[in-house]
Amino acid sequence: MLRITLQPHWRIGLDDGQGLDANTLLDLLAAVQGSGSISQAGRDLGLSYRHAWGLLQQAELLFGQPLLVRGRGRGSVLTELGQKLIWADARIGARLQPLLESLASELEGELGRVQRRRRAVPRLHASHGFAVAALREQLAARQVPVELRYRNSLEAVAALAQGDCELAGFHVPLGEFEAAAAQRYLAWLRRDQHLLVHLAVRTQGLFVAPGNPLGLRGLGDLTRRGLRFVNRPEGSGTRVLTDLLLQREGIAPRAVAGYDNTELTHAAVAAYVASGMADVGIGVQTAAHRFGLHFIPLLKERYFFALPADALQREELRPVLTVLRSPAFRSRVAALQGYEAAHTGQVLTVGEAFAG
């Protein structure tokens, strides 16, 4: 099966120079941050000490200030500039990786068709999430082809209804907001035309700095003077959830500093907060955990894949459904922080999922 990988690439330089290929530098800084040792970081990356040291010197000359503080017997510690570079790289990865993965999947499909070796390949449209990424890994491991496009929940369900994909990911909060959130998707889903596969239950909440130094407790704190919020884009399921939560608290969006400042994914929101560019954001617990943030739970939600009613009989969809319903995938989802997989792979009618 043809596989394409696209990655962001940095170059840093002055207007009058060739510049520095920064990807190796960023890997080196991250490794030094983890080990506290230039020599150990070099070994971890397969670089000689001389090469690693020369790369750091070249970068420090370019920036005009040090990236590391080196002390005899105390190891090496990143300076503020070094840390800023690490967080900038994390933000770039969190922001661009879903787009690059989506484009890579489209290219795989296009080139596969040119090769004339592939049968009809299922098209999966979904928001970028950790369980969706885990599914993509499991499908690739079993050489099950799928064309993946990352879109927000409403776009995905609309694409399914219009025949532009075979699987559409969307999520709906449990509890008081379920009916209001589900209604926007039920405008596209038909009880006689679609089925749902339960992917996971996951926890959404507030991302704040490690240790919660500002002492935030809940949504009511978002109006605090000087607090900087980072939001999700219009049309995303988490943006809908945010608006419902603010409405319940009687908070007008204009009262939240940063309400119009958006990041595309949960990971991008977490990276934004972790880098100090915002004080608080909303997203799934997994993202907070991976970026070392303090997490304040707000509610749980169900994530589904919607698909055609005859999906169980479609030959091209059977391998995907087999993976979705496998114990191995269920275990993979259960291992994600903030995810529950008790019902992963369960097939439901629209009426069973939303009985009201």
# chains A, B, ... in the order shown; residues from 1 in each chain; ligands from 1
>>> select_by_dssp(residues="segment 84-258 of chain A", states="alpha helix (DSSP H)", output="ChimeraX atom specification")
/A:84-115,130-141,153-161,178-186,237-249
>>> closest_atom_pairs(of="segment 265-344 of chain A", to="segment 137-152 of chain A", cutoff="12 Å", atoms="only C-alpha atoms", output="Markdown table")
| residue | atom | partner | partner_atom | distance |
| --- | --- | --- | --- | --- |
| A:Thr265 | CA | A:Asn152 | CA | 9.6 |
| A:His266 | CA | A:Asn152 | CA | 11.9 |
| A:Glu316 | CA | A:Pro145 | CA | 9.3 |
| A:Leu317 | CA | A:Val146 | CA | 9.3 |
| A:Arg318 | CA | A:Val144 | CA | 10.0 |
| A:Pro319 | CA | A:Val144 | CA | 6.5 |
| A:Val320 | CA | A:Val144 | CA | 6.9 |
| A:Leu321 | CA | A:Leu139 | CA | 10.2 |
| A:Thr322 | CA | A:Leu139 | CA | 9.8 |
| A:Val323 | CA | A:Leu139 | CA | 6.9 |
| A:Leu324 | CA | A:Gln138 | CA | 9.0 |
| A:Arg325 | CA | A:Gln138 | CA | 11.6 |
| A:Ser326 | CA | A:Gln138 | CA | 10.1 |
| A:Pro327 | CA | A:Gln138 | CA | 11.6 |
| A:Ala328 | CA | A:Gln138 | CA | 8.6 |
| A:Phe329 | CA | A:Gln138 | CA | 7.0 |
| A:Arg330 | CA | A:Gln138 | CA | 10.8 |
| A:Ser331 | CA | A:Gln138 | CA | 11.4 |
| A:Arg332 | CA | A:Gln138 | CA | 9.0 |
| A:Val333 | CA | A:Gln138 | CA | 10.9 |
>>> atom_distance(atom1="atom CA of Leu336 of chain A", atom2="atom CA of Lys300 of chain A")
14.4 Å
>>> atom_distance(atom1="atom CA of Leu100 of chain A", atom2="atom CA of Leu206 of chain A")
26.9 Å
>>> residues_around(residues="Gln247 of chain A", least_positions_apart="5", cutoff="12 Å", atoms="only C-alpha atoms", output="ChimeraX atom specification")
/A:177,219-220,240-242,252-253,255
>>> write_last_selection(atoms="N, CA, C and O atoms", output="PDB file, in the first residue's frame")
ATOM      1  N   PHE A 177     -26.480  19.199  27.411  1.00  0.00           N
ATOM      2  CA  PHE A 177     -26.281  19.826  26.099  1.00  0.00           C
ATOM      3  C   PHE A 177     -26.478  18.862  24.935  1.00  0.00           C
ATOM      4  O   PHE A 177     -26.346  19.245  23.780  1.00  0.00           O
ATOM      5  N   LEU A 219     -15.512  27.801  34.071  1.00  0.00           N
ATOM      6  CA  LEU A 219     -15.845  28.736  32.990  1.00  0.00           C
ATOM      7  C   LEU A 219     -16.016  30.163  33.483  1.00  0.00           C
ATOM      8  O   LEU A 219     -15.714  31.123  32.759  1.00  0.00           O
ATOM      9  N   GLY A 220     -16.501  30.331  34.712  1.00  0.00           N
ATOM     10  CA  GLY A 220     -16.718  31.676  35.225  1.00  0.00           C
ATOM     11  C   GLY A 220     -15.463  32.514  35.280  1.00  0.00           C
ATOM     12  O   GLY A 220     -15.531  33.749  35.262  1.00  0.00           O
ATOM     13  N   VAL A 240     -18.898  24.592  19.372  1.00  0.00           N
ATOM     14  CA  VAL A 240     -20.318  24.522  19.733  1.00  0.00           C
ATOM     15  C   VAL A 240     -20.461  24.284  21.236  1.00  0.00           C
ATOM     16  O   VAL A 240     -21.268  24.931  21.923  1.00  0.00           O
ATOM     17  N   LEU A 241     -19.671  23.349  21.754  1.00  0.00           N
ATOM     18  CA  LEU A 241     -19.701  23.056  23.185  1.00  0.00           C
ATOM     19  C   LEU A 241     -19.322  24.287  23.994  1.00  0.00           C
ATOM     20  O   LEU A 241     -19.965  24.610  25.010  1.00  0.00           O
ATOM     21  N   THR A 242     -18.273  24.999  23.568  1.00  0.00           N
ATOM     22  CA  THR A 242     -17.849  26.213  24.269  1.00  0.00           C
ATOM     23  C   THR A 242     -18.973  27.231  24.324  1.00  0.00           C
ATOM     24  O   THR A 242     -19.243  27.832  25.381  1.00  0.00           O
ATOM     25  N   ALA A 252     -21.213  36.473  27.819  1.00  0.00           N
ATOM     26  CA  ALA A 252     -21.221  36.871  26.415  1.00  0.00           C
ATOM     27  C   ALA A 252     -19.845  36.618  25.811  1.00  0.00           C
ATOM     28  O   ALA A 252     -18.824  36.884  26.464  1.00  0.00           O
ATOM     29  N   PRO A 253     -19.784  36.103  24.587  1.00  0.00           N
ATOM     30  CA  PRO A 253     -18.475  35.863  23.968  1.00  0.00           C
ATOM     31  C   PRO A 253     -17.565  37.082  23.982  1.00  0.00           C
ATOM     32  O   PRO A 253     -16.353  36.954  24.176  1.00  0.00           O
ATOM     33  N   ALA A 255     -17.127  39.128  26.189  1.00  0.00           N
ATOM     34  CA  ALA A 255     -16.547  39.325  27.518  1.00  0.00           C
ATOM     35  C   ALA A 255     -15.319  38.439  27.742  1.00  0.00           C
ATOM     36  O   ALA A 255     -14.657  38.563  28.780  1.00  0.00           O
TER      37      ALA A 255
END
>>> closest_residue(among="A:Ala90, A:Glu80, A:Gln193, A:Gly281", to="Leu222 of chain A", atoms="only C-alpha atoms")
A:Gly281
>>> closest_residue(among="A:Phe304, A:Trp10, A:Phe354, A:Phe229", to="Thr24 of chain A", atoms="only C-alpha atoms")
A:Trp10
>>> atom_distance(atom1="atom CA of Ile282 of chain A", atom2="atom CA of Leu214 of chain A")
16.0 Å
>>> residues_around(residues="Glu166 of chain A", least_positions_apart="5", cutoff="8 Å", atoms="only C-alpha atoms", output="list of chain:residue names")
A:Pro122, A:Arg123, A:Leu124, A:Leu160, A:Leu307, A:Pro308
>>> write_last_selection(atoms="N, CA and C atoms", output="short mmCIF file (atom, residue, chain, number, x, y, z; two decimals), in the first residue's frame")
data_model
loop_
_atom_site.label_atom_id
_atom_site.label_comp_id
_atom_site.auth_asym_id
_atom_site.auth_seq_id
_atom_site.Cartn_x
_atom_site.Cartn_y
_atom_site.Cartn_z
N PRO A 122 -12.49 3.58 0.92
CA PRO A 122 -13.39 4.36 1.76
C PRO A 122 -12.81 5.74 2.07
N ARG A 123 -13.69 6.73 2.11
CA ARG A 123 -13.29 8.09 2.42
C ARG A 123 -13.78 8.43 3.82
N LEU A 124 -12.86 8.83 4.68
CA LEU A 124 -13.17 9.17 6.06
C LEU A 124 -12.94 10.66 6.27
N LEU A 160 -21.00 13.41 4.27
CA LEU A 160 -21.61 12.08 4.20
C LEU A 160 -22.98 12.15 3.55
N LEU A 307 -22.14 6.48 9.02
CA LEU A 307 -21.86 5.80 7.77
C LEU A 307 -23.17 5.36 7.12
N PRO A 308 -23.14 4.98 5.85
CA PRO A 308 -24.38 4.57 5.17
C PRO A 308 -25.01 3.36 5.84
#
>>> residues_around(residues="Tyr49 of chain A", least_positions_apart="3", cutoff="9 Å", atoms="only C-alpha atoms", output="mmCIF file with N, CA and C atoms, in the first residue's frame")
data_model
loop_
_atom_site.group_PDB
_atom_site.id
_atom_site.type_symbol
_atom_site.label_atom_id
_atom_site.label_comp_id
_atom_site.auth_asym_id
_atom_site.auth_seq_id
_atom_site.Cartn_x
_atom_site.Cartn_y
_atom_site.Cartn_z
ATOM 1 N N ILE A 38 24.610 17.495 26.133
ATOM 2 C CA ILE A 38 24.812 17.619 24.687
ATOM 3 C C ILE A 38 25.315 16.302 24.110
ATOM 4 N N SER A 39 26.258 15.669 24.789
ATOM 5 C CA SER A 39 26.823 14.419 24.266
ATOM 6 C C SER A 39 25.767 13.321 24.221
ATOM 7 N N GLN A 40 24.918 13.237 25.265
ATOM 8 C CA GLN A 40 23.868 12.223 25.262
ATOM 9 C C GLN A 40 22.841 12.515 24.179
ATOM 10 N N ALA A 41 22.496 13.788 24.020
ATOM 11 C CA ALA A 41 21.543 14.168 22.970
ATOM 12 C C ALA A 41 22.083 13.803 21.599
ATOM 13 N N GLY A 42 23.376 14.047 21.384
ATOM 14 C CA GLY A 42 23.989 13.682 20.112
ATOM 15 C C GLY A 42 23.928 12.185 19.865
ATOM 16 N N ARG A 43 24.238 11.406 20.895
ATOM 17 C CA ARG A 43 24.173 9.950 20.735
ATOM 18 C C ARG A 43 22.756 9.488 20.418
ATOM 19 N N ALA A 52 27.208 17.999 16.838
ATOM 20 C CA ALA A 52 26.181 18.615 17.684
ATOM 21 C C ALA A 52 26.651 19.969 18.211
ATOM 22 N N TRP A 53 27.870 20.011 18.706
ATOM 23 C CA TRP A 53 28.419 21.246 19.244
ATOM 24 C C TRP A 53 28.539 22.317 18.140
ATOM 25 N N GLY A 54 29.006 21.912 16.960
ATOM 26 C CA GLY A 54 29.126 22.862 15.855
ATOM 27 C C GLY A 54 27.784 23.422 15.426
#
>>> closest_residue(among="A:Trp188, A:Tyr303, A:Phe170, A:Phe207", to="Ala341 of chain A", atoms="only C-alpha atoms")
A:Tyr303
>>> select_by_dssp(residues="segment 132-249 of chain A", states="strand (DSSP E or B)", output="mmCIF file with N, CA and C atoms, in the first residue's frame")
data_model
loop_
_atom_site.group_PDB
_atom_site.id
_atom_site.type_symbol
_atom_site.label_atom_id
_atom_site.label_comp_id
_atom_site.auth_asym_id
_atom_site.auth_seq_id
_atom_site.Cartn_x
_atom_site.Cartn_y
_atom_site.Cartn_z
ATOM 1 N N GLU A 147 -8.959 6.933 2.590
ATOM 2 C CA GLU A 147 -8.611 8.321 2.284
ATOM 3 C C GLU A 147 -9.156 9.180 3.416
ATOM 4 N N LEU A 148 -8.254 9.813 4.151
ATOM 5 C CA LEU A 148 -8.627 10.583 5.335
ATOM 6 C C LEU A 148 -8.545 12.069 5.034
ATOM 7 N N ARG A 149 -9.601 12.766 5.396
ATOM 8 C CA ARG A 149 -9.593 14.220 5.284
ATOM 9 C C ARG A 149 -10.069 14.799 6.596
ATOM 10 N N TYR A 150 -9.249 15.666 7.191
ATOM 11 C CA TYR A 150 -9.632 16.282 8.461
ATOM 12 C C TYR A 150 -10.523 17.492 8.208
ATOM 13 N N LEU A 167 -17.514 7.601 5.743
ATOM 14 C CA LEU A 167 -17.491 7.667 7.201
ATOM 15 C C LEU A 167 -17.285 9.118 7.615
ATOM 16 N N ALA A 168 -18.084 9.570 8.596
ATOM 17 C CA ALA A 168 -18.022 10.961 9.043
ATOM 18 C C ALA A 168 -17.943 10.996 10.563
ATOM 19 N N GLY A 169 -16.911 11.619 11.098
ATOM 20 C CA GLY A 169 -16.746 11.702 12.535
ATOM 21 C C GLY A 169 -17.410 12.939 13.113
ATOM 22 N N PHE A 170 -18.079 12.764 14.245
ATOM 23 C CA PHE A 170 -18.668 13.905 14.955
ATOM 24 C C PHE A 170 -18.805 13.539 16.426
ATOM 25 N N HIS A 171 -18.925 14.554 17.277
ATOM 26 C CA HIS A 171 -19.018 14.284 18.714
ATOM 27 C C HIS A 171 -20.126 15.122 19.343
ATOM 28 N N VAL A 172 -20.752 14.515 20.364
ATOM 29 C CA VAL A 172 -21.924 15.107 21.015
ATOM 30 C C VAL A 172 -21.757 14.988 22.526
ATOM 31 N N PRO A 173 -21.923 16.085 23.274
ATOM 32 C CA PRO A 173 -21.757 16.013 24.731
ATOM 33 C C PRO A 173 -22.856 15.188 25.384
ATOM 34 N N HIS A 194 -28.671 6.075 7.542
ATOM 35 C CA HIS A 194 -27.363 6.096 8.189
ATOM 36 C C HIS A 194 -27.333 5.217 9.437
ATOM 37 N N LEU A 195 -26.145 4.702 9.733
ATOM 38 C CA LEU A 195 -25.831 4.017 10.978
ATOM 39 C C LEU A 195 -24.717 4.787 11.688
ATOM 40 N N LEU A 196 -24.508 4.471 12.954
ATOM 41 C CA LEU A 196 -23.431 5.082 13.724
ATOM 42 C C LEU A 196 -22.562 3.992 14.342
ATOM 43 N N VAL A 197 -21.273 4.213 14.334
ATOM 44 C CA VAL A 197 -20.344 3.361 15.062
ATOM 45 C C VAL A 197 -19.770 4.181 16.212
ATOM 46 N N HIS A 198 -19.918 3.655 17.429
ATOM 47 C CA HIS A 198 -19.412 4.345 18.611
ATOM 48 C C HIS A 198 -17.885 4.224 18.642
ATOM 49 N N LEU A 199 -17.208 5.369 18.673
ATOM 50 C CA LEU A 199 -15.744 5.354 18.711
ATOM 51 C C LEU A 199 -15.226 5.419 20.152
ATOM 52 N N ALA A 200 -15.732 6.369 20.944
ATOM 53 C CA ALA A 200 -15.219 6.524 22.308
ATOM 54 C C ALA A 200 -16.068 7.519 23.083
ATOM 55 N N VAL A 201 -15.917 7.479 24.383
ATOM 56 C CA VAL A 201 -16.347 8.568 25.261
ATOM 57 C C VAL A 201 -15.078 9.274 25.712
ATOM 58 N N ARG A 202 -15.060 10.585 25.633
ATOM 59 C CA ARG A 202 -13.859 11.321 26.014
ATOM 60 C C ARG A 202 -14.228 12.515 26.884
ATOM 61 N N THR A 203 -13.259 13.014 27.632
ATOM 62 C CA THR A 203 -13.483 14.111 28.571
ATOM 63 C C THR A 203 -12.959 15.414 27.990
ATOM 64 N N GLN A 204 -13.804 16.444 28.014
ATOM 65 C CA GLN A 204 -13.417 17.787 27.604
ATOM 66 C C GLN A 204 -13.284 18.661 28.850
ATOM 67 N N GLY A 205 -12.366 19.611 28.798
ATOM 68 C CA GLY A 205 -12.175 20.499 29.935
ATOM 69 C C GLY A 205 -11.258 21.646 29.604
ATOM 70 N N LEU A 206 -10.824 22.351 30.637
ATOM 71 C CA LEU A 206 -9.973 23.520 30.479
ATOM 72 C C LEU A 206 -8.498 23.123 30.546
ATOM 73 N N PHE A 207 -7.698 23.684 29.635
ATOM 74 C CA PHE A 207 -6.246 23.558 29.674
ATOM 75 C C PHE A 207 -5.684 24.797 30.365
ATOM 76 N N VAL A 208 -4.873 24.601 31.379
ATOM 77 C CA VAL A 208 -4.186 25.720 32.022
ATOM 78 C C VAL A 208 -2.741 25.313 32.295
ATOM 79 N N PHE A 229 -7.668 33.764 26.465
ATOM 80 C CA PHE A 229 -8.313 32.523 26.056
ATOM 81 C C PHE A 229 -7.934 32.202 24.623
ATOM 82 N N VAL A 230 -7.857 30.906 24.270
ATOM 83 C CA VAL A 230 -7.695 30.476 22.884
ATOM 84 C C VAL A 230 -8.827 29.508 22.558
ATOM 85 N N ASN A 231 -9.510 29.749 21.456
ATOM 86 C CA ASN A 231 -10.751 29.060 21.104
ATOM 87 C C ASN A 231 -10.517 28.073 19.967
#
>>> residues_around(residues="segment 26-36 of chain A", least_positions_apart="3", cutoff="12 Å", atoms="only C-alpha atoms", output="PyMOL selection string")
chain A and resi 8-12+20-23+39-49+51-56+59+66-90
>>> residues_around(residues="Thr262 of chain A", least_positions_apart="2", cutoff="9 Å", atoms="only C-alpha atoms", output="list in words")
Val230, Asn231, Arg232, Pro233, Glu234, Gly258, Tyr259, Asp260, Leu264 and Val269 of chain A
>>> closest_residue(among="A:Glu60, A:Glu263, A:Glu352, A:Glu176", to="Pro98 of chain A", atoms="only C-alpha atoms")
A:Glu263
>>> closest_residue(among="A:Ala257, A:Val350, A:Ile4, A:Ala94", to="Ala270 of chain A", atoms="only C-alpha atoms")
A:Ala94
>>> closest_residue(among="A:Leu299, A:Ala311, A:Arg3, A:Val347", to="Leu245 of chain A", atoms="only C-alpha atoms")
A:Leu299
